[in-house]
>>> print(open('final34.tsv').read())   # TSV, N, CA and C atoms
chain	number	residue	atom	x	y	z
W	1	MET	N	0.82	-1.19	0.00
W	1	MET	CA	0.00	0.00	0.00
W	1	MET	C	0.87	1.27	0.00
W	2	PHE	N	1.90	1.27	0.83
W	2	PHE	CA	2.80	2.43	0.87
W	2	PHE	C	3.56	2.57	-0.45
W	3	ALA	N	3.99	1.45	-1.00
W	3	ALA	CA	4.70	1.48	-2.29
W	3	ALA	C	3.78	2.00	-3.39
W	4	GLU	N	2.52	1.63	-3.33
W	4	GLU	CA	1.56	2.11	-4.32
W	4	GLU	C	1.38	3.63	-4.20
W	5	PHE	N	1.29	4.12	-2.96
W	5	PHE	CA	1.19	5.57	-2.73
W	5	PHE	C	2.40	6.29	-3.30
W	6	LEU	N	3.59	5.75	-3.04
W	6	LEU	CA	4.82	6.37	-3.55
W	6	LEU	C	4.83	6.42	-5.07
W	7	SER	N	4.45	5.33	-5.69
W	7	SER	CA	4.49	5.29	-7.15
W	7	SER	C	3.44	6.24	-7.77
W	8	GLN	N	2.31	6.41	-7.13
W	8	GLN	CA	1.28	7.28	-7.66
W	8	GLN	C	1.55	8.77	-7.37
W	9	ASN	N	2.38	9.03	-6.40
W	9	ASN	CA	2.66	10.42	-6.00
W	9	ASN	C	4.16	10.72	-6.04
W	10	LEU	N	4.82	10.21	-7.04
W	10	LEU	CA	6.27	10.32	-7.14
W	10	LEU	C	6.74	11.78	-7.14
W	11	LEU	N	6.05	12.64	-7.83
W	11	LEU	CA	6.44	14.05	-7.89
W	11	LEU	C	6.35	14.70	-6.51
W	12	TRP	N	5.27	14.42	-5.78
W	12	TRP	CA	5.12	14.99	-4.44
W	12	TRP	C	6.16	14.44	-3.47
W	13	VAL	N	6.46	13.18	-3.57
W	13	VAL	CA	7.47	12.57	-2.71
W	13	VAL	C	8.84	13.17	-3.01
W	14	ALA	N	9.16	13.34	-4.28
W	14	ALA	CA	10.44	13.95	-4.65
W	14	ALA	C	10.52	15.39	-4.14
W	15	ALA	N	9.44	16.14	-4.26
W	15	ALA	CA	9.42	17.52	-3.76
W	15	ALA	C	9.62	17.55	-2.24
W	16	PHE	N	8.98	16.62	-1.54
W	16	PHE	CA	9.15	16.54	-0.09
W	16	PHE	C	10.59	16.25	0.28
W	17	VAL	N	11.23	15.33	-0.41
W	17	VAL	CA	12.62	14.97	-0.13
W	17	VAL	C	13.54	16.18	-0.36
W	18	VAL	N	13.31	16.90	-1.44
W	18	VAL	CA	14.13	18.08	-1.74
W	18	VAL	C	13.95	19.14	-0.65
W	19	VAL	N	12.71	19.42	-0.27
W	19	VAL	CA	12.45	20.43	0.76
W	19	VAL	C	13.04	20.00	2.09
W	20	ALA	N	12.91	18.75	2.45
W	20	ALA	CA	13.47	18.25	3.71
W	20	ALA	C	14.99	18.40	3.71
W	21	ASN	N	15.63	18.07	2.60
W	21	ASN	CA	17.09	18.22	2.52
W	21	ASN	C	17.52	19.68	2.61
W	22	LEU	N	16.78	20.57	1.97
W	22	LEU	CA	17.10	22.00	2.05
W	22	LEU	C	16.93	22.52	3.47
W	23	LEU	N	15.92	22.05	4.16
W	23	LEU	CA	15.70	22.45	5.54
W	23	LEU	C	16.85	22.00	6.44
W	24	VAL	N	17.25	20.77	6.30
W	24	VAL	CA	18.37	20.24	7.08
W	24	VAL	C	19.65	21.00	6.75
W	25	LEU	N	19.89	21.27	5.48
W	25	LEU	CA	21.07	22.02	5.06
W	25	LEU	C	21.09	23.42	5.66
W	26	SER	N	19.94	24.09	5.64
W	26	SER	CA	19.89	25.45	6.19
W	26	SER	C	20.11	25.44	7.70
W	27	LEU	N	19.61	24.43	8.38
W	27	LEU	CA	19.84	24.33	9.82
W	27	LEU	C	21.31	24.07	10.12
W	28	LEU	N	21.95	23.26	9.31
W	28	LEU	CA	23.37	22.98	9.52
W	28	LEU	C	24.22	24.20	9.23
W	29	GLN	N	23.86	24.97	8.20
W	29	GLN	CA	24.63	26.17	7.86
W	29	GLN	C	24.47	27.24	8.92
W	30	ALA	N	23.32	27.29	9.59
W	30	ALA	CA	23.09	28.31	10.60
W	30	ALA	C	23.96	28.10	11.83
W	31	ASN	N	24.38	26.87	12.07
W	31	ASN	CA	25.23	26.59	13.21
W	31	ASN	C	26.66	26.95	12.89
W	32	VAL	N	27.16	27.96	13.55
W	32	VAL	CA	28.53	28.40	13.36
W	32	VAL	C	29.22	28.28	14.70
W	33	LYS	N	30.31	27.54	14.73
W	33	LYS	CA	31.05	27.37	15.97
W	33	LYS	C	31.58	28.72	16.43
W	34	GLY	N	31.23	29.10	17.64
W	34	GLY	CA	31.67	30.37	18.19
W	34	GLY	C	30.66	31.49	18.03
W	35	ALA	N	29.51	31.21	17.41
W	35	ALA	CA	28.47	32.23	17.24
W	35	ALA	C	27.14	31.69	17.74
W	36	GLN	N	26.34	32.59	18.28
W	36	GLN	CA	25.01	32.22	18.74
W	36	GLN	C	23.97	32.80	17.79
W	37	THR	N	22.89	32.08	17.59
W	37	THR	CA	21.78	32.57	16.79
W	37	THR	C	20.78	33.22	17.74
W	38	ILE	N	20.31	34.43	17.38
W	38	ILE	CA	19.34	35.14	18.21
W	38	ILE	C	18.11	35.49	17.39
W	39	SER	N	17.01	35.73	18.08
W	39	SER	CA	15.78	36.14	17.40
W	39	SER	C	15.75	37.66	17.28
W	40	ALA	N	14.83	38.13	16.48
W	40	ALA	CA	14.66	39.58	16.31
W	40	ALA	C	14.30	40.25	17.63
W	41	LEU	N	13.57	39.57	18.47
W	41	LEU	CA	13.17	40.16	19.75
W	41	LEU	C	14.30	40.16	20.77
W	42	GLU	N	15.31	39.31	20.59
W	42	GLU	CA	16.46	39.28	21.50
W	42	GLU	C	17.50	40.34	21.15
W	43	LEU	N	17.51	40.80	19.91
W	43	LEU	CA	18.53	41.75	19.46
W	43	LEU	C	18.57	43.03	20.28
W	44	PRO	N	17.44	43.68	20.57
W	44	PRO	CA	17.53	44.93	21.34
W	44	PRO	C	18.21	44.76	22.71
W	45	LYS	N	18.06	43.60	23.34
W	45	LYS	CA	18.73	43.37	24.63
W	45	LYS	C	20.25	43.41	24.47
W	46	LEU	N	20.74	42.80	23.40
W	46	LEU	CA	22.19	42.80	23.15
W	46	LEU	C	22.69	44.17	22.72
W	47	GLN	N	21.83	44.92	22.10
W	47	GLN	CA	22.20	46.21	21.53
W	47	GLN	C	22.33	47.31	22.59
W	48	ARG	N	21.77	47.11	23.75
W	48	ARG	CA	21.81	48.13	24.80
W	48	ARG	C	23.26	48.44	25.18
W	49	GLY	N	23.51	49.69	25.43
W	49	GLY	CA	24.85	50.11	25.78
W	49	GLY	C	25.67	50.35	24.53
W	50	ASP	N	26.92	50.65	24.74
W	50	ASP	CA	27.80	50.99	23.63
W	50	ASP	C	28.70	49.82	23.21
W	51	LYS	N	28.40	48.63	23.70
W	51	LYS	CA	29.30	47.52	23.47
W	51	LYS	C	28.84	46.57	22.37
W	52	ALA	N	27.88	47.00	21.56
W	52	ALA	CA	27.39	46.13	20.49
W	52	ALA	C	27.37	46.89	19.17
W	53	VAL	N	27.57	46.14	18.10
W	53	VAL	CA	27.49	46.70	16.76
W	53	VAL	C	26.68	45.74	15.89
W	54	ILE	N	25.74	46.30	15.14
W	54	ILE	CA	24.97	45.49	14.19
W	54	ILE	C	25.69	45.59	12.85
W	55	ILE	N	26.15	44.47	12.36
W	55	ILE	CA	26.89	44.42	11.09
W	55	ILE	C	25.97	43.86	10.02
W	56	ASP	N	25.55	44.72	9.11
W	56	ASP	CA	24.69	44.33	8.00
W	56	ASP	C	25.59	43.90	6.85
W	57	VAL	N	25.50	42.64	6.44
W	57	VAL	CA	26.39	42.10	5.41
W	57	VAL	C	25.75	42.05	4.03
W	58	ASN	N	24.60	42.72	3.88
W	58	ASN	CA	23.98	42.84	2.56
W	58	ASN	C	24.83	43.73	1.67
W	59	ASP	N	24.61	43.65	0.35
W	59	ASP	CA	25.34	44.56	-0.53
W	59	ASP	C	24.82	45.98	-0.32
W	60	GLU	N	25.54	46.95	-0.85
W	60	GLU	CA	25.22	48.35	-0.59
W	60	GLU	C	23.82	48.74	-1.05
W	61	ALA	N	23.37	48.19	-2.17
W	61	ALA	CA	22.04	48.53	-2.69
W	61	ALA	C	20.94	48.04	-1.74
W	62	GLN	N	21.07	46.81	-1.25
W	62	GLN	CA	20.09	46.29	-0.30
W	62	GLN	C	20.11	47.07	1.00
W	63	TYR	N	21.32	47.38	1.47
W	63	TYR	CA	21.46	48.15	2.70
W	63	TYR	C	20.79	49.52	2.55
W	64	SER	N	21.00	50.19	1.43
W	64	SER	CA	20.41	51.51	1.20
W	64	SER	C	18.89	51.45	1.19
W	65	GLN	N	18.37	50.35	0.68
W	65	GLN	CA	16.92	50.20	0.58
W	65	GLN	C	16.29	50.00	1.96
W	66	SER	N	16.91	49.16	2.80
W	66	SER	CA	16.33	48.85	4.10
W	66	SER	C	17.37	48.20	5.01
W	67	HIS	N	17.48	48.71	6.22
W	67	HIS	CA	18.39	48.11	7.20
W	67	HIS	C	17.91	48.43	8.62
W	68	ILE	N	18.43	47.71	9.58
W	68	ILE	CA	18.11	47.96	10.97
W	68	ILE	C	18.76	49.28	11.38
W	69	PRO	N	18.02	50.14	12.09
W	69	PRO	CA	18.61	51.41	12.52
W	69	PRO	C	19.93	51.18	13.27
W	70	GLN	N	20.89	52.02	13.02
W	70	GLN	CA	22.22	52.00	13.64
W	70	GLN	C	23.12	50.87	13.14
W	71	ALA	N	22.65	50.10	12.16
W	71	ALA	CA	23.49	49.04	11.60
W	71	ALA	C	24.56	49.67	10.71
W	72	VAL	N	25.73	49.05	10.70
W	72	VAL	CA	26.80	49.47	9.80
W	72	VAL	C	26.92	48.44	8.69
W	73	ASN	N	27.22	48.90	7.50
W	73	ASN	CA	27.24	48.02	6.33
W	73	ASN	C	28.65	47.57	6.00
W	74	PHE	N	28.86	46.27	6.08
W	74	PHE	CA	30.09	45.63	5.64
W	74	PHE	C	29.67	44.42	4.81
W	75	PRO	N	29.54	44.58	3.48
W	75	PRO	CA	29.18	43.42	2.65
W	75	PRO	C	30.13	42.25	2.90
W	76	VAL	N	29.65	41.06	2.71
W	76	VAL	CA	30.43	39.85	3.01
W	76	VAL	C	31.84	39.92	2.40
W	77	ALA	N	31.93	40.40	1.18
W	77	ALA	CA	33.23	40.46	0.50
W	77	ALA	C	34.21	41.42	1.18
W	78	SER	N	33.70	42.37	1.97
W	78	SER	CA	34.59	43.33	2.62
W	78	SER	C	35.06	42.89	4.00
W	79	ILE	N	34.63	41.71	4.42
W	79	ILE	CA	35.04	41.22	5.74
W	79	ILE	C	36.38	40.52	5.61
W	80	ASN	N	37.43	41.28	5.91
W	80	ASN	CA	38.79	40.75	5.83
W	80	ASN	C	39.69	41.52	6.79
W	81	ALA	N	40.88	41.03	6.98
W	81	ALA	CA	41.83	41.62	7.94
W	81	ALA	C	42.27	43.01	7.54
W	82	ASP	N	42.17	43.36	6.27
W	82	ASP	CA	42.61	44.68	5.80
W	82	ASP	C	41.58	45.78	6.06
W	83	ASN	N	40.37	45.42	6.44
W	83	ASN	CA	39.31	46.40	6.65
W	83	ASN	C	39.45	47.00	8.05
W	84	LYS	N	40.08	48.16	8.12
W	84	LYS	CA	40.34	48.83	9.41
W	84	LYS	C	39.05	49.29	10.07
W	85	ASP	N	38.06	49.73	9.28
W	85	ASP	CA	36.78	50.16	9.86
W	85	ASP	C	36.09	48.99	10.57
W	86	LEU	N	36.16	47.82	9.99
W	86	LEU	CA	35.58	46.63	10.61
W	86	LEU	C	36.37	46.24	11.85
W	87	GLN	N	37.69	46.27	11.77
W	87	GLN	CA	38.55	45.89	12.89
W	87	GLN	C	38.30	46.76	14.13
W	88	ALA	N	37.82	47.99	13.93
W	88	ALA	CA	37.52	48.88	15.05
W	88	ALA	C	36.42	48.34	15.96
W	89	HIS	N	35.63	47.40	15.45
W	89	HIS	CA	34.53	46.82	16.21
W	89	HIS	C	34.88	45.46	16.82
W	90	LYS	N	36.12	45.07	16.75
W	90	LYS	CA	36.55	43.72	17.14
W	90	LYS	C	36.22	43.37	18.60
W	91	ASN	N	36.27	44.34	19.49
W	91	ASN	CA	36.03	44.05	20.91
W	91	ASN	C	34.59	44.28	21.34
W	92	LYS	N	33.71	44.45	20.39
W	92	LYS	CA	32.29	44.64	20.69
W	92	LYS	C	31.51	43.35	20.43
W	93	THR	N	30.29	43.34	20.92
W	93	THR	CA	29.37	42.26	20.57
W	93	THR	C	28.93	42.50	19.14
W	94	ALA	N	29.24	41.58	18.24
W	94	ALA	CA	28.89	41.72	16.83
W	94	ALA	C	27.60	40.94	16.56
W	95	ILE	N	26.61	41.66	16.03
W	95	ILE	CA	25.34	41.05	15.65
W	95	ILE	C	25.26	41.11	14.13
W	96	VAL	N	25.33	39.95	13.49
W	96	VAL	CA	25.42	39.87	12.03
W	96	VAL	C	24.03	39.69	11.43
W	97	VAL	N	23.74	40.53	10.42
W	97	VAL	CA	22.42	40.55	9.79
W	97	VAL	C	22.59	40.54	8.27
W	98	CYS	N	21.74	39.78	7.58
W	98	CYS	CA	21.64	39.88	6.13
W	98	CYS	C	20.15	39.88	5.79
W	99	GLN	N	19.80	39.69	4.56
W	99	GLN	CA	18.39	39.77	4.17
W	99	GLN	C	17.58	38.61	4.74
W	100	THR	N	18.08	37.38	4.58
W	100	THR	CA	17.31	36.21	5.00
W	100	THR	C	18.01	35.36	6.05
W	101	GLY	N	19.25	35.65	6.35
W	101	GLY	CA	20.00	34.86	7.31
W	101	GLY	C	21.01	33.93	6.68
W	102	SER	N	21.00	33.80	5.36
W	102	SER	CA	21.89	32.85	4.70
W	102	SER	C	23.33	33.34	4.61
W	103	ARG	N	23.55	34.61	4.34
W	103	ARG	CA	24.92	35.15	4.25
W	103	ARG	C	25.53	35.41	5.62
W	104	SER	N	24.69	35.54	6.61
W	104	SER	CA	25.17	35.86	7.96
W	104	SER	C	26.08	34.78	8.51
W	105	SER	N	25.80	33.53	8.21
W	105	SER	CA	26.63	32.43	8.71
W	105	SER	C	28.04	32.52	8.15
W	106	LYS	N	28.14	32.77	6.86
W	106	LYS	CA	29.46	32.92	6.23
W	106	LYS	C	30.20	34.10	6.84
W	107	ALA	N	29.51	35.21	7.00
W	107	ALA	CA	30.13	36.40	7.58
W	107	ALA	C	30.57	36.16	9.02
W	108	ALA	N	29.75	35.46	9.79
W	108	ALA	CA	30.09	35.15	11.18
W	108	ALA	C	31.36	34.30	11.25
W	109	ARG	N	31.48	33.32	10.37
W	109	ARG	CA	32.70	32.50	10.33
W	109	ARG	C	33.91	33.37	10.06
W	110	SER	N	33.77	34.30	9.12
W	110	SER	CA	34.88	35.20	8.79
W	110	SER	C	35.24	36.09	9.97
W	111	LEU	N	34.24	36.62	10.66
W	111	LEU	CA	34.50	37.47	11.82
W	111	LEU	C	35.23	36.70	12.92
W	112	ILE	N	34.80	35.48	13.16
W	112	ILE	CA	35.45	34.65	14.18
W	112	ILE	C	36.90	34.37	13.78
W	113	ALA	N	37.13	34.10	12.51
W	113	ALA	CA	38.49	33.87	12.02
W	113	ALA	C	39.36	35.12	12.18
W	114	LEU	N	38.73	36.31	12.16
W	114	LEU	CA	39.47	37.57	12.34
W	114	LEU	C	39.69	37.91	13.81
W	115	GLY	N	39.16	37.09	14.72
W	115	GLY	CA	39.39	37.31	16.14
W	115	GLY	C	38.23	37.92	16.90
W	116	PHE	N	37.08	38.10	16.26
W	116	PHE	CA	35.90	38.56	16.98
W	116	PHE	C	35.48	37.43	17.92
W	117	THR	N	35.20	37.75	19.18
W	117	THR	CA	34.91	36.71	20.16
W	117	THR	C	33.46	36.63	20.60
W	118	ASP	N	32.69	37.68	20.36
W	118	ASP	CA	31.29	37.71	20.78
W	118	ASP	C	30.42	37.97	19.55
W	119	VAL	N	30.09	36.90	18.83
W	119	VAL	CA	29.39	37.01	17.55
W	119	VAL	C	28.01	36.37	17.66
W	120	HIS	N	27.01	37.09	17.16
W	120	HIS	CA	25.63	36.60	17.15
W	120	HIS	C	25.08	36.75	15.73
W	121	ILE	N	24.21	35.83	15.35
W	121	ILE	CA	23.58	35.85	14.02
W	121	ILE	C	22.08	36.07	14.21
W	122	LEU	N	21.53	37.07	13.52
W	122	LEU	CA	20.09	37.31	13.58
W	122	LEU	C	19.37	36.26	12.75
W	123	ARG	N	18.62	35.40	13.41
W	123	ARG	CA	17.88	34.33	12.76
W	123	ARG	C	16.84	34.92	11.80
W	124	GLY	N	16.87	34.48	10.56
W	124	GLY	CA	15.89	34.92	9.58
W	124	GLY	C	16.18	36.27	8.96
W	125	GLY	N	17.22	36.93	9.44
W	125	GLY	CA	17.66	38.19	8.86
W	125	GLY	C	16.62	39.30	8.91
W	126	LEU	N	16.77	40.21	7.98
W	126	LEU	CA	15.90	41.39	7.92
W	126	LEU	C	14.45	41.01	7.61
W	127	VAL	N	14.27	39.88	6.94
W	127	VAL	CA	12.91	39.42	6.63
W	127	VAL	C	12.14	39.17	7.92
W	128	TYR	N	12.73	38.44	8.86
W	128	TYR	CA	12.05	38.17	10.13
W	128	TYR	C	11.95	39.42	10.99
W	129	TRP	N	12.97	40.28	10.90
W	129	TRP	CA	12.95	41.54	11.64
W	129	TRP	C	11.70	42.35	11.26
W	130	THR	N	11.45	42.46	9.97
W	130	THR	CA	10.29	43.24	9.51
W	130	THR	C	8.97	42.51	9.80
W	131	LYS	N	8.98	41.18	9.82
W	131	LYS	CA	7.77	40.43	10.17
W	131	LYS	C	7.35	40.70	11.61
W	132	GLU	N	8.32	41.03	12.45
W	132	GLU	CA	8.03	41.36	13.85
W	132	GLU	C	7.63	42.82	14.01
W	133	ASN	N	7.48	43.53	12.87
W	133	ASN	CA	7.11	44.95	12.85
W	133	ASN	C	8.11	45.81	13.61
W	134	LEU	N	9.38	45.45	13.51
W	134	LEU	CA	10.44	46.23	14.13
W	134	LEU	C	10.92	47.28	13.13
W	135	PRO	N	11.50	48.37	13.61
W	135	PRO	CA	11.80	49.49	12.72
W	135	PRO	C	12.94	49.20	11.75
W	136	VAL	N	12.85	49.82	10.57
W	136	VAL	CA	13.92	49.77	9.57
W	136	VAL	C	14.20	51.20	9.11
W	137	SER	N	15.39	51.40	8.60
W	137	SER	CA	15.80	52.69	8.05
W	137	SER	C	16.19	52.50	6.60
W	138	SER	N	16.27	53.58	5.89
W	138	SER	CA	16.79	53.55	4.52
W	138	SER	C	17.77	54.69	4.38
W	139	ALA	N	18.77	54.50	3.52
W	139	ALA	CA	19.80	55.53	3.38
W	139	ALA	C	19.45	56.50	2.29
>>> encode(input="final34.tsv", output="structure tokens")
Amino acid sequence: MFAEFLSQNLLWVAAFVVVANLLVLSLLQANVKGAQTISALELPKLQRGDKAVIIDVNDEAQYSQSHIPQAVNFPVASINADNKDLQAHKNKTAIVVCQTGSRSSKAARSLIALGFTDVHILRGGLVYWTKENLPVSSA
């Protein structure tokens, strides 16, 4: 009976397998050794005081269109040891944000490799931030 269901619904079964694999892959990518994932509602707690910086890793066009207030823009490609502006934030709590959360993991790994010790990734990125009706700015 189960085999008959599979054969009659092969397209749906294949779609389910693909979606399940993508979900597992995204969960594995979100886990970055040395970084914590936080929700949009947890971000303001970390942001209090002068010891935190929100690092938006979207490209300049996306950042100009919409970003979290007080976020600084360092596209993923600019995260390197030669970036003195980025290095100035090394001893702060770094909260990494991108549009959907996918680039943030890569950026967090790079920050940790550069010696950042307190790194957090905003789960779901700017998309989830706006779903929570939290404020955004544009340049």
>>> atom_distance(input="final34.tsv", atom1="atom C of Gln99 (chain W)", atom2="CA of Val19 (chain W)")
19.3 Å
>>> atom_distance(input="final34.tsv", atom1="CA of Ala77 (chain W)", atom2="CA of Thr117 (chain W)")
20.1 Å
>>> select_by_dssp(input="final34.tsv", residues="region 32-132 of chain W", states="strand (DSSP E)", output="ChimeraX atom specification")
/W:35-38,52-56,72-73,93-97,119-122
>>> residues_around(input="final34.tsv", residues="Gly115 (chain W)", least_positions_apart="3", cutoff="12 Å", atoms="only C-alpha atoms", output="list in words")
Gly34, Ile79, Asn80, Ala81, Leu86, Gln87, Ala88, His89, Lys90, Asn91, Lys92, Ala94, Ala108, Arg109, Ser110, Leu111, Ile112, Asp118 and Val119 of chain W
>>> residues_around(input="final34.tsv", residues="region 61-68 of chain W", least_positions_apart="6", cutoff="8 Å", atoms="only N, CA and C atoms", output="PyMOL selection string")
chain W and resi 54+126+134-139
>>> closest_residue(input="final34.tsv", among="W:Pro44, W:Gly49, W:Gly101, W:Pro69", to="Gly124 (chain W)", atoms="all atoms listed in the file")
W:Gly101
>>> select_by_dssp(input="final34.tsv", residues="chain W", states="helix (DSSP H, G or I)", output="MDAnalysis selection string")
chainID W and resid 2:8 10:30 43:47 60:65 76:78 84:87 102:113 125:131
>>> residues_around(input="final34.tsv", residues="Ser105 (chain W)", least_positions_apart="5", cutoff="10 Å", atoms="only C-alpha atoms", output="PyMOL selection string")
chain W and resi 29-33+35+37+96-98+110-111+120-123
>>> atom_distance(input="final34.tsv", atom1="atom N of Val72 (chain W)", atom2="atom C of Ile95 (chain W)")
8.7 Å
>>> axis_aligned_box(input="final34.tsv", around="region 51-64 of chain W", padding_each_side="4 Å", output="lines of an AutoDock Vina configuration file")
center_x = 24.1
center_y = 46.8
center_z = 10.5
size_x = 18.4
size_y = 17.5
size_z = 34.4
